[in-house]
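Content type PDB, C-alpha atoms, pLDDT in the B column, from the file work-v6.pdb:
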MODEL        1
ATOM      1  CA  MET A   1      55.901  38.489  65.946  1.00 55.00           C
ATOM      2  CA  ILE A   2      52.311  37.777  66.729  1.00 52.00           C
ATOM      3  CA  LYS A   3      51.270  40.534  64.342  1.00 52.00           C
ATOM      4  CA  ARG A   4      53.356  39.019  61.534  1.00 56.00           C
ATOM      5  CA  LYS A   5      51.757  35.622  62.114  1.00 54.00           C
ATOM      6  CA  ASN A   6      48.332  37.193  62.000  1.00 58.00           C
ATOM      7  CA  ASP A   7      49.222  38.973  58.757  1.00 63.00           C
ATOM      8  CA  ASN A   8      50.340  35.699  57.205  1.00 67.00           C
ATOM      9  CA  LYS A   9      47.201  34.018  58.434  1.00 68.00           C
ATOM     10  CA  TRP A  10      44.982  36.661  56.855  1.00 70.00           C
ATOM     11  CA  LYS A  11      46.957  36.513  53.640  1.00 68.00           C
ATOM     12  CA  TYR A  12      46.448  32.759  53.574  1.00 70.00           C
ATOM     13  CA  ILE A  13      42.739  33.114  54.276  1.00 73.00           C
ATOM     14  CA  CYS A  14      42.406  35.790  51.608  1.00 72.00           C
ATOM     15  CA  GLY A  15      44.250  33.594  49.139  1.00 68.00           C
ATOM     16  CA  VAL A  16      41.964  30.670  49.864  1.00 68.00           C
ATOM     17  CA  LEU A  17      38.885  32.881  49.523  1.00 70.00           C
ATOM     18  CA  LEU A  18      40.232  34.268  46.261  1.00 71.00           C
ATOM     19  CA  VAL A  19      40.777  30.757  44.905  1.00 68.00           C
ATOM     20  CA  ILE A  20      37.266  29.775  46.006  1.00 77.00           C
ATOM     21  CA  LEU A  21      35.803  32.843  44.314  1.00 71.00           C
ATOM     22  CA  VAL A  22      37.702  32.141  41.097  1.00 67.00           C
ATOM     23  CA  LEU A  23      36.696  28.480  41.077  1.00 70.00           C
ATOM     24  CA  GLY A  24      33.131  29.417  41.934  1.00 69.00           C
ATOM     25  CA  GLY A  25      33.064  31.865  39.062  1.00 70.00           C
ATOM     26  CA  LEU A  26      34.454  29.312  36.656  1.00 70.00           C
ATOM     27  CA  LEU A  27      31.992  26.644  37.793  1.00 71.00           C
ATOM     28  CA  SER A  28      29.136  29.102  37.562  1.00 70.00           C
ATOM     29  CA  GLN A  29      30.203  30.100  34.065  1.00 73.00           C
ATOM     30  CA  LEU A  30      30.534  26.437  33.071  1.00 71.00           C
ATOM     31  CA  HIS A  31      27.111  25.660  34.517  1.00 68.00           C
ATOM     32  CA  THR A  32      25.612  28.619  32.678  1.00 71.00           C
ATOM     33  CA  SER A  33      27.241  27.507  29.411  1.00 70.00           C
ATOM     34  CA  THR A  34      25.905  23.976  29.900  1.00 75.00           C
ATOM     35  CA  ILE A  35      22.389  25.283  30.510  1.00 74.00           C
ATOM     36  CA  LYS A  36      22.627  27.529  27.448  1.00 73.00           C
ATOM     37  CA  ALA A  37      23.800  24.569  25.322  1.00 75.00           C
ATOM     38  CA  LYS A  38      20.944  22.407  26.595  1.00 73.00           C
ATOM     39  CA  ASN A  39      18.437  25.190  25.985  1.00 70.00           C
ATOM     40  CA  LYS A  40      19.787  25.690  22.482  1.00 77.00           C
ATOM     41  CA  LYS A  41      19.495  21.948  21.774  1.00 77.00           C
ATOM     42  CA  LEU A  42      15.951  21.925  23.135  1.00 71.00           C
ATOM     43  CA  ASP A  43      15.078  24.944  20.989  1.00 72.00           C
ATOM     44  CA  GLN A  44      16.418  23.149  17.911  1.00 78.00           C
ATOM     45  CA  GLU A  45      14.444  19.992  18.742  1.00 75.00           C
ATOM     46  CA  VAL A  46      11.275  22.026  19.299  1.00 70.00           C
ATOM     47  CA  THR A  47      11.828  23.790  15.970  1.00 77.00           C
ATOM     48  CA  GLN A  48      12.286  20.441  14.188  1.00 77.00           C
ATOM     49  CA  LEU A  49       9.135  19.050  15.799  1.00 72.00           C
ATOM     50  CA  GLU A  50       7.198  22.161  14.808  1.00 72.00           C
ATOM     51  CA  GLU A  51       8.432  21.817  11.208  1.00 76.00           C
ATOM     52  CA  GLN A  52       7.526  18.104  11.123  1.00 73.00           C
ATOM     53  CA  ASN A  53       4.122  18.840  12.621  1.00 67.00           C
ATOM     54  CA  SER A  54       3.575  21.567  10.054  1.00 72.00           C
ATOM     55  CA  LYS A  55       4.480  19.202   7.194  1.00 72.00           C
ATOM     56  CA  LEU A  56       2.261  16.467   8.633  1.00 64.00           C
ATOM     57  CA  SER A  57      -0.634  18.877   8.985  1.00 67.00           C
ATOM     58  CA  LYS A  58      -0.126  20.025   5.397  1.00 69.00           C
ATOM     59  CA  ASN A  59      -0.047  16.421   4.129  1.00 63.00           C
ATOM     60  CA  ILE A  60      -3.222  15.602   6.042  1.00 63.00           C
ATOM     61  CA  ASN A  61      -4.922  18.722   4.713  1.00 64.00           C
ATOM     62  CA  ASP A  62      -3.821  17.909   1.159  1.00 61.00           C
ATOM     63  CA  LEU A  63      -5.075  14.334   1.484  1.00 61.00           C
ATOM     64  CA  ASN A  64      -8.408  15.501   2.880  1.00 58.00           C
ATOM     65  CA  ALA A  65      -8.660  18.027   0.069  1.00 58.00           C
ATOM     66  CA  ASN A  66      -7.995  15.326  -2.547  1.00 60.00           C
ATOM     67  CA  ILE A  67     -10.569  13.016  -1.004  1.00 57.00           C
ATOM     68  CA  GLU A  68     -13.084  15.836  -0.775  1.00 57.00           C
ATOM     69  CA  ALA A  69     -12.390  16.782  -4.390  1.00 56.00           C
ATOM     70  CA  ASN A  70     -12.950  13.209  -5.519  1.00 54.00           C
ATOM     71  CA  LEU A  71     -16.203  13.026  -3.602  1.00 51.00           C
ATOM     72  CA  THR A  72     -17.585  16.371  -4.762  1.00 52.00           C
ATOM     73  CA  ASN A  73     -16.128  17.068  -8.196  1.00 51.00           C
ATOM     74  CA  ASP A  74     -17.775  15.570 -11.238  1.00 51.00           C
ATOM     75  CA  ASP A  75     -14.421  14.410 -12.631  1.00 56.00           C
ATOM     76  CA  GLY A  76     -13.424  12.715  -9.378  1.00 62.00           C
ATOM     77  CA  SER A  77     -16.815  11.121  -8.940  1.00 79.00           C
ATOM     78  CA  GLU A  78     -16.766   9.833 -12.509  1.00 88.00           C
ATOM     79  CA  LEU A  79     -13.250   8.430 -12.091  1.00 89.00           C
ATOM     80  CA  ASN A  80     -14.221   6.630  -8.883  1.00 89.00           C
ATOM     81  CA  LYS A  81     -17.195   5.179 -10.697  1.00 92.00           C
ATOM     82  CA  GLN A  82     -14.977   3.931 -13.547  1.00 93.00           C
ATOM     83  CA  ILE A  83     -12.502   2.372 -11.108  1.00 94.00           C
ATOM     84  CA  ALA A  84     -15.321   0.607  -9.242  1.00 94.00           C
ATOM     85  CA  GLU A  85     -16.779  -0.707 -12.509  1.00 96.00           C
ATOM     86  CA  VAL A  86     -13.395  -2.054 -13.647  1.00 97.00           C
ATOM     87  CA  ALA A  87     -12.851  -3.751 -10.277  1.00 97.00           C
ATOM     88  CA  LYS A  88     -16.294  -5.356 -10.401  1.00 96.00           C
ATOM     89  CA  LYS A  89     -15.829  -6.577 -13.973  1.00 97.00           C
ATOM     90  CA  PHE A  90     -12.397  -8.000 -13.171  1.00 98.00           C
ATOM     91  CA  VAL A  91     -13.579 -10.129 -10.241  1.00 97.00           C
ATOM     92  CA  GLU A  92     -16.541 -11.343 -12.302  1.00 97.00           C
ATOM     93  CA  LEU A  93     -14.262 -12.424 -15.150  1.00 97.00           C
ATOM     94  CA  TYR A  94     -11.433 -13.969 -13.153  1.00 97.00           C
ATOM     95  CA  PRO A  95     -13.039 -17.309 -12.113  1.00 96.00           C
ATOM     96  CA  VAL A  96     -14.955 -17.875 -15.355  1.00 95.00           C
ATOM     97  CA  TYR A  97     -13.964 -20.760 -17.602  1.00 94.00           C
ATOM     98  CA  ASP A  98     -15.675 -22.333 -20.581  1.00 92.00           C
ATOM     99  CA  ILE A  99     -13.598 -24.212 -23.128  1.00 90.00           C
ATOM    100  CA  GLU A 100     -15.655 -22.665 -25.920  1.00 90.00           C
ATOM    101  CA  LYS A 101     -15.154 -19.103 -24.662  1.00 92.00           C
ATOM    102  CA  VAL A 102     -11.500 -18.926 -23.611  1.00 93.00           C
ATOM    103  CA  GLU A 103     -10.538 -16.434 -26.310  1.00 93.00           C
ATOM    104  CA  GLU A 104     -13.618 -14.369 -25.518  1.00 95.00           C
ATOM    105  CA  LYS A 105     -12.625 -14.229 -21.838  1.00 96.00           C
ATOM    106  CA  LYS A 106      -9.191 -12.899 -22.719  1.00 96.00           C
ATOM    107  CA  ALA A 107     -10.681 -10.231 -24.969  1.00 96.00           C
ATOM    108  CA  GLU A 108     -12.911  -9.099 -22.098  1.00 97.00           C
ATOM    109  CA  LEU A 109      -9.980  -9.095 -19.673  1.00 97.00           C
ATOM    110  CA  GLU A 110      -7.961  -6.900 -22.024  1.00 96.00           C
ATOM    111  CA  LYS A 111     -10.697  -4.264 -21.715  1.00 96.00           C
ATOM    112  CA  VAL A 112     -10.256  -3.965 -17.950  1.00 97.00           C
ATOM    113  CA  SER A 113      -6.629  -4.966 -17.316  1.00 97.00           C
ATOM    114  CA  THR A 114      -3.149  -4.521 -18.704  1.00 96.00           C
ATOM    115  CA  THR A 115      -1.811  -6.950 -21.302  1.00 95.00           C
ATOM    116  CA  SER A 116       0.477  -8.617 -18.756  1.00 96.00           C
ATOM    117  CA  VAL A 117      -2.424  -9.244 -16.362  1.00 97.00           C
ATOM    118  CA  ALA A 118      -4.652 -10.630 -19.121  1.00 96.00           C
ATOM    119  CA  ASP A 119      -1.806 -12.853 -20.399  1.00 96.00           C
ATOM    120  CA  SER A 120      -1.157 -14.278 -16.940  1.00 96.00           C
ATOM    121  CA  ILE A 121      -4.815 -15.249 -16.480  1.00 96.00           C
ATOM    122  CA  VAL A 122      -5.421 -16.492 -20.019  1.00 95.00           C
ATOM    123  CA  PRO A 123      -2.060 -17.350 -21.626  1.00 94.00           C
ATOM    124  CA  ASP A 124      -1.888 -18.054 -25.345  1.00 92.00           C
ATOM    125  CA  ASP A 125      -1.358 -21.779 -24.811  1.00 91.00           C
ATOM    126  CA  MET A 126      -4.704 -21.984 -23.004  1.00 91.00           C
ATOM    127  CA  ILE A 127      -6.410 -20.623 -26.111  1.00 90.00           C
ATOM    128  CA  THR A 128      -4.423 -22.914 -28.435  1.00 90.00           C
ATOM    129  CA  THR A 129      -5.024 -26.142 -26.507  1.00 87.00           C
ATOM    130  CA  SER A 130      -8.691 -25.320 -25.989  1.00 86.00           C
ATOM    131  CA  LYS A 131      -9.136 -24.861 -29.738  1.00 85.00           C
ATOM    132  CA  LYS A 132      -7.370 -28.158 -30.433  1.00 85.00           C
ATOM    133  CA  THR A 133      -9.631 -29.972 -27.999  1.00 81.00           C
ATOM    134  CA  LEU A 134     -12.728 -28.476 -29.596  1.00 79.00           C
ATOM    135  CA  GLU A 135     -11.509 -29.363 -33.092  1.00 79.00           C
ATOM    136  CA  SER A 136     -10.914 -32.966 -32.045  1.00 75.00           C
ATOM    137  CA  LYS A 137     -14.512 -33.197 -30.778  1.00 60.00           C
ATOM    138  CA  SER A 138     -13.177 -35.378 -27.996  1.00 52.00           C
ATOM    139  CA  THR A 139     -14.832 -35.667 -24.616  1.00 51.00           C
ATOM    140  CA  THR A 140     -11.825 -37.347 -23.053  1.00 51.00           C
ATOM    141  CA  GLN A 141      -8.770 -35.609 -24.519  1.00 49.00           C
ATOM    142  CA  LYS A 142      -6.559 -33.963 -21.927  1.00 46.00           C
ATOM    143  CA  GLY A 143      -4.302 -30.971 -22.353  1.00 45.00           C
ATOM    144  CA  GLU A 144      -6.413 -27.850 -21.854  1.00 45.00           C
ATOM    145  CA  ALA A 145      -4.578 -25.249 -19.838  1.00 44.00           C
ATOM    146  CA  TYR A 146      -7.371 -24.874 -17.296  1.00 52.00           C
ATOM    147  CA  SER A 147      -8.792 -28.368 -16.849  1.00 58.00           C
ATOM    148  CA  SER A 148      -8.181 -31.923 -18.007  1.00 60.00           C
ATOM    149  CA  ASP A 149     -11.961 -32.369 -18.297  1.00 71.00           C
ATOM    150  CA  PRO A 150     -13.429 -30.800 -21.480  1.00 76.00           C
ATOM    151  CA  THR A 151     -16.853 -30.655 -19.808  1.00 82.00           C
ATOM    152  CA  PHE A 152     -15.488 -28.470 -17.012  1.00 88.00           C
ATOM    153  CA  LYS A 153     -17.043 -25.006 -16.608  1.00 92.00           C
ATOM    154  CA  SER A 154     -16.584 -22.370 -13.972  1.00 94.00           C
ATOM    155  CA  LYS A 155     -19.046 -19.559 -13.265  1.00 95.00           C
ATOM    156  CA  TYR A 156     -18.884 -16.464 -11.101  1.00 96.00           C
ATOM    157  CA  LYS A 157     -21.320 -16.532  -8.171  1.00 96.00           C
ATOM    158  CA  ASP A 158     -20.726 -13.444  -6.002  1.00 96.00           C
ATOM    159  CA  SER A 159     -18.006 -11.462  -4.272  1.00 95.00           C
ATOM    160  CA  LYS A 160     -17.092  -9.052  -1.507  1.00 95.00           C
ATOM    161  CA  LEU A 161     -14.720  -6.191  -2.277  1.00 95.00           C
ATOM    162  CA  TYR A 162     -12.755  -4.160   0.254  1.00 95.00           C
ATOM    163  CA  THR A 163     -11.102  -0.944  -0.890  1.00 93.00           C
ATOM    164  CA  ASN A 164      -7.957   0.874   0.180  1.00 92.00           C
ATOM    165  CA  TYR A 165      -7.674   4.429  -1.168  1.00 88.00           C
ATOM    166  CA  VAL A 166      -4.078   5.091  -2.309  1.00 89.00           C
ATOM    167  CA  ASN A 167      -4.410   8.370  -4.185  1.00 89.00           C
ATOM    168  CA  ALA A 168      -6.698  10.150  -6.642  1.00 85.00           C
ATOM    169  CA  ASN A 169      -5.742   7.732  -9.441  1.00 91.00           C
ATOM    170  CA  THR A 170      -5.197   4.434  -7.645  1.00 93.00           C
ATOM    171  CA  ILE A 171      -7.317   2.166  -5.451  1.00 94.00           C
ATOM    172  CA  ASN A 172      -6.212  -1.177  -4.032  1.00 96.00           C
ATOM    173  CA  TYR A 173      -8.746  -3.958  -3.585  1.00 96.00           C
ATOM    174  CA  PHE A 174      -9.000  -7.127  -1.553  1.00 96.00           C
ATOM    175  CA  ALA A 175     -11.656  -9.458  -2.952  1.00 96.00           C
ATOM    176  CA  GLU A 176     -13.349 -12.611  -1.753  1.00 95.00           C
ATOM    177  CA  VAL A 177     -14.693 -14.212  -4.926  1.00 96.00           C
ATOM    178  CA  ASN A 178     -17.107 -17.140  -4.837  1.00 96.00           C
ATOM    179  CA  TYR A 179     -17.665 -19.292  -7.909  1.00 96.00           C
ATOM    180  CA  LYS A 180     -19.301 -22.540  -8.998  1.00 96.00           C
ATOM    181  CA  THR A 181     -17.853 -25.315 -11.127  1.00 94.00           C
ATOM    182  CA  GLU A 182     -19.686 -27.849 -13.263  1.00 92.00           C
ATOM    183  CA  SER A 183     -18.263 -30.981 -14.860  1.00 88.00           C
ATOM    184  CA  SER A 184     -19.039 -34.595 -15.620  1.00 87.00           C
ATOM    185  CA  SER A 185     -17.506 -35.541 -12.284  1.00 85.00           C
ATOM    186  CA  GLY A 186     -19.786 -33.252 -10.260  1.00 87.00           C
ATOM    187  CA  ASP A 187     -20.409 -29.674  -9.188  1.00 91.00           C
ATOM    188  CA  THR A 188     -18.565 -27.659  -6.544  1.00 93.00           C
ATOM    189  CA  GLU A 189     -18.560 -24.235  -4.926  1.00 94.00           C
ATOM    190  CA  ASN A 190     -15.231 -22.534  -4.256  1.00 94.00           C
ATOM    191  CA  THR A 191     -13.714 -19.290  -3.026  1.00 95.00           C
ATOM    192  CA  VAL A 192     -10.615 -17.432  -4.174  1.00 94.00           C
ATOM    193  CA  TYR A 193      -9.036 -14.460  -2.394  1.00 96.00           C
ATOM    194  CA  MET A 194      -7.148 -11.841  -4.329  1.00 96.00           C
ATOM    195  CA  LEU A 195      -5.395  -8.506  -4.042  1.00 96.00           C
ATOM    196  CA  PHE A 196      -5.380  -6.212  -7.050  1.00 97.00           C
ATOM    197  CA  GLU A 197      -4.821  -2.600  -7.985  1.00 97.00           C
ATOM    198  CA  VAL A 198      -6.871  -0.431 -10.321  1.00 97.00           C
ATOM    199  CA  THR A 199      -5.065   2.603 -11.710  1.00 96.00           C
ATOM    200  CA  ASN A 200      -5.976   5.520 -13.922  1.00 94.00           C
ATOM    201  CA  LYS A 201      -2.980   6.026 -16.202  1.00 88.00           C
ATOM    202  CA  ASP A 202      -2.989   8.196 -19.303  1.00 86.00           C
ATOM    203  CA  GLY A 203      -6.764   8.258 -19.250  1.00 87.00           C
ATOM    204  CA  ARG A 204      -7.143   4.452 -19.099  1.00 93.00           C
ATOM    205  CA  VAL A 205      -8.554   2.767 -16.016  1.00 96.00           C
ATOM    206  CA  LEU A 206      -7.113  -0.752 -15.751  1.00 96.00           C
ATOM    207  CA  VAL A 207      -6.138  -3.477 -13.315  1.00 97.00           C
ATOM    208  CA  ASP A 208      -2.342  -3.302 -13.498  1.00 95.00           C
ATOM    209  CA  ASN A 209      -1.400  -6.085 -11.072  1.00 95.00           C
ATOM    210  CA  TYR A 210      -3.005  -8.793  -8.974  1.00 97.00           C
ATOM    211  CA  GLU A 211      -2.047 -11.514  -6.515  1.00 95.00           C
ATOM    212  CA  ILE A 212      -3.931 -14.602  -5.405  1.00 94.00           C
ATOM    213  CA  LYS A 213      -3.912 -15.041  -1.621  1.00 87.00           C
ATOM    214  CA  TYR A 214      -4.179 -18.376   0.129  1.00 77.00           C
ATOM    215  CA  LEU A 215      -5.633 -17.946   3.607  1.00 71.00           C
ATOM    216  CA  LYS A 216      -4.575 -20.422   6.263  1.00 58.00           C
TER     217      LYS A 216
ENDMDL
END

Whole structure, structure tokens version:
Amino acid sequence: MIKRKNDNKWKYICGVLLVILVLGGLLSQLHTSTIKAKNKKLDQEVTQLEEQNSKLSKNINDLNANIEANLTNDDGSELNKQIAEVAKKFVELYPVYDIEKVEEKKAELEKVSTTSVADSIVPDDMITTSKKTLESKSTTQKGEAYSSDPTFKSKYKDSKLYTNYVNANTINYFAEVNYKTESSSGDTENTVYMLFEVTNKDGRVLVDNYEIKYLK
């Protein structure tokens, strides 16, 4: 009787141990699978980071190569020179106004900027009304597009230009342009701030957009 009880006891213990071993094996396998999944995910993330880093390094190298080419090659150096000259001419022309030279100003602007830029600075009605005022020989007639005072003149004084290299064919500028005005009511000195872009397109270097900025 005692022997039978002992046999049952050992069978029970063996069964419990067997269950523990099975569960332990399953948990171990599950843990191993989880670790493998995490390692695989980490490997994928590392691979993605390596690819992104490789692309970034290539982009940086390409950009440095383009900049170096522009600084060392004759073509790049000449293009940079043309862009700088166009930018300088544009800021010198922008604040200028003389009722007798409105049409001349537009013609000069068309040499360094697109038609839309030139039209926005010197629209056709400015030329028309200025001519009418001159033809009337009036010193009091109002209606010019730029000023109600026919004696008003504006002259470029100086400027500061800040450049932002975009690519081999485009440079953005921020300009602080100082100018003087003269009129029968007195003289003034003023400053205008502007953003503009000079682009080499189809062999023509032109200002293709601009924006006047009002600093607070």

Compare A:Leu49, A:Asp149, A:Thr170, A:Thr199 by their minimum atom-to-atom distance to Ser184 (chain A), counting only C-alpha atoms, and give me the closest one.
A:Asp149

Answer key for the PyMOL selection byres ((chain A and resi 95-110) around 9), residues as number ranges by chain
A: 89-94, 111-115, 117-119, 121-124, 126-127, 130-131, 133-134, 144, 146-147, 150-156, 177-181, 192, 206

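Among the candidates A:Ile171, A:Val166, A:Leu21, A:Ile13, the residue lying nearest to Ala84 (chain A) is A:Ile171 (atoms considered: all atoms listed in the file).
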
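If all atoms listed in the file are the atoms counted, then among A:Tyr193, A:Leu26, A:Asp202, A:Lys41 the closest residue to Leu215 (chain A) is A:Tyr193.
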
Which one of A:Asn169, A:Ser116, A:Ser28, A:Lys201 sits closest to Ser77 (chain A) if you count only C-alpha atoms?
A:Asn169

Taking only C-alpha atoms into account, name the residue in A:Gln48, A:Asn167, A:Asn200, A:Thr32 that is nearest to Gln82 (chain A).
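Of A:Gln48, A:Asn167, A:Asn200, A:Thr32, the one nearest Gln82 (chain A), counting only C-alpha atoms, is A:Asn200.
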
Within 6 Å of (-4.8, -2.7, -10.3) in the file's own coordinates, which protein, DNA or RNA residues have an atom, counting all atoms listed in the file? List them as a PyMOL selection string.
chain A and resi 196-199+207-209

Quick one: distance from CA of Lys213 (chain A) to CA of Ser120 (chain A) in Å, one decimal?
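CA of Ser120 (chain A) lies at a distance of 15.6 Å from CA of Lys213 (chain A).
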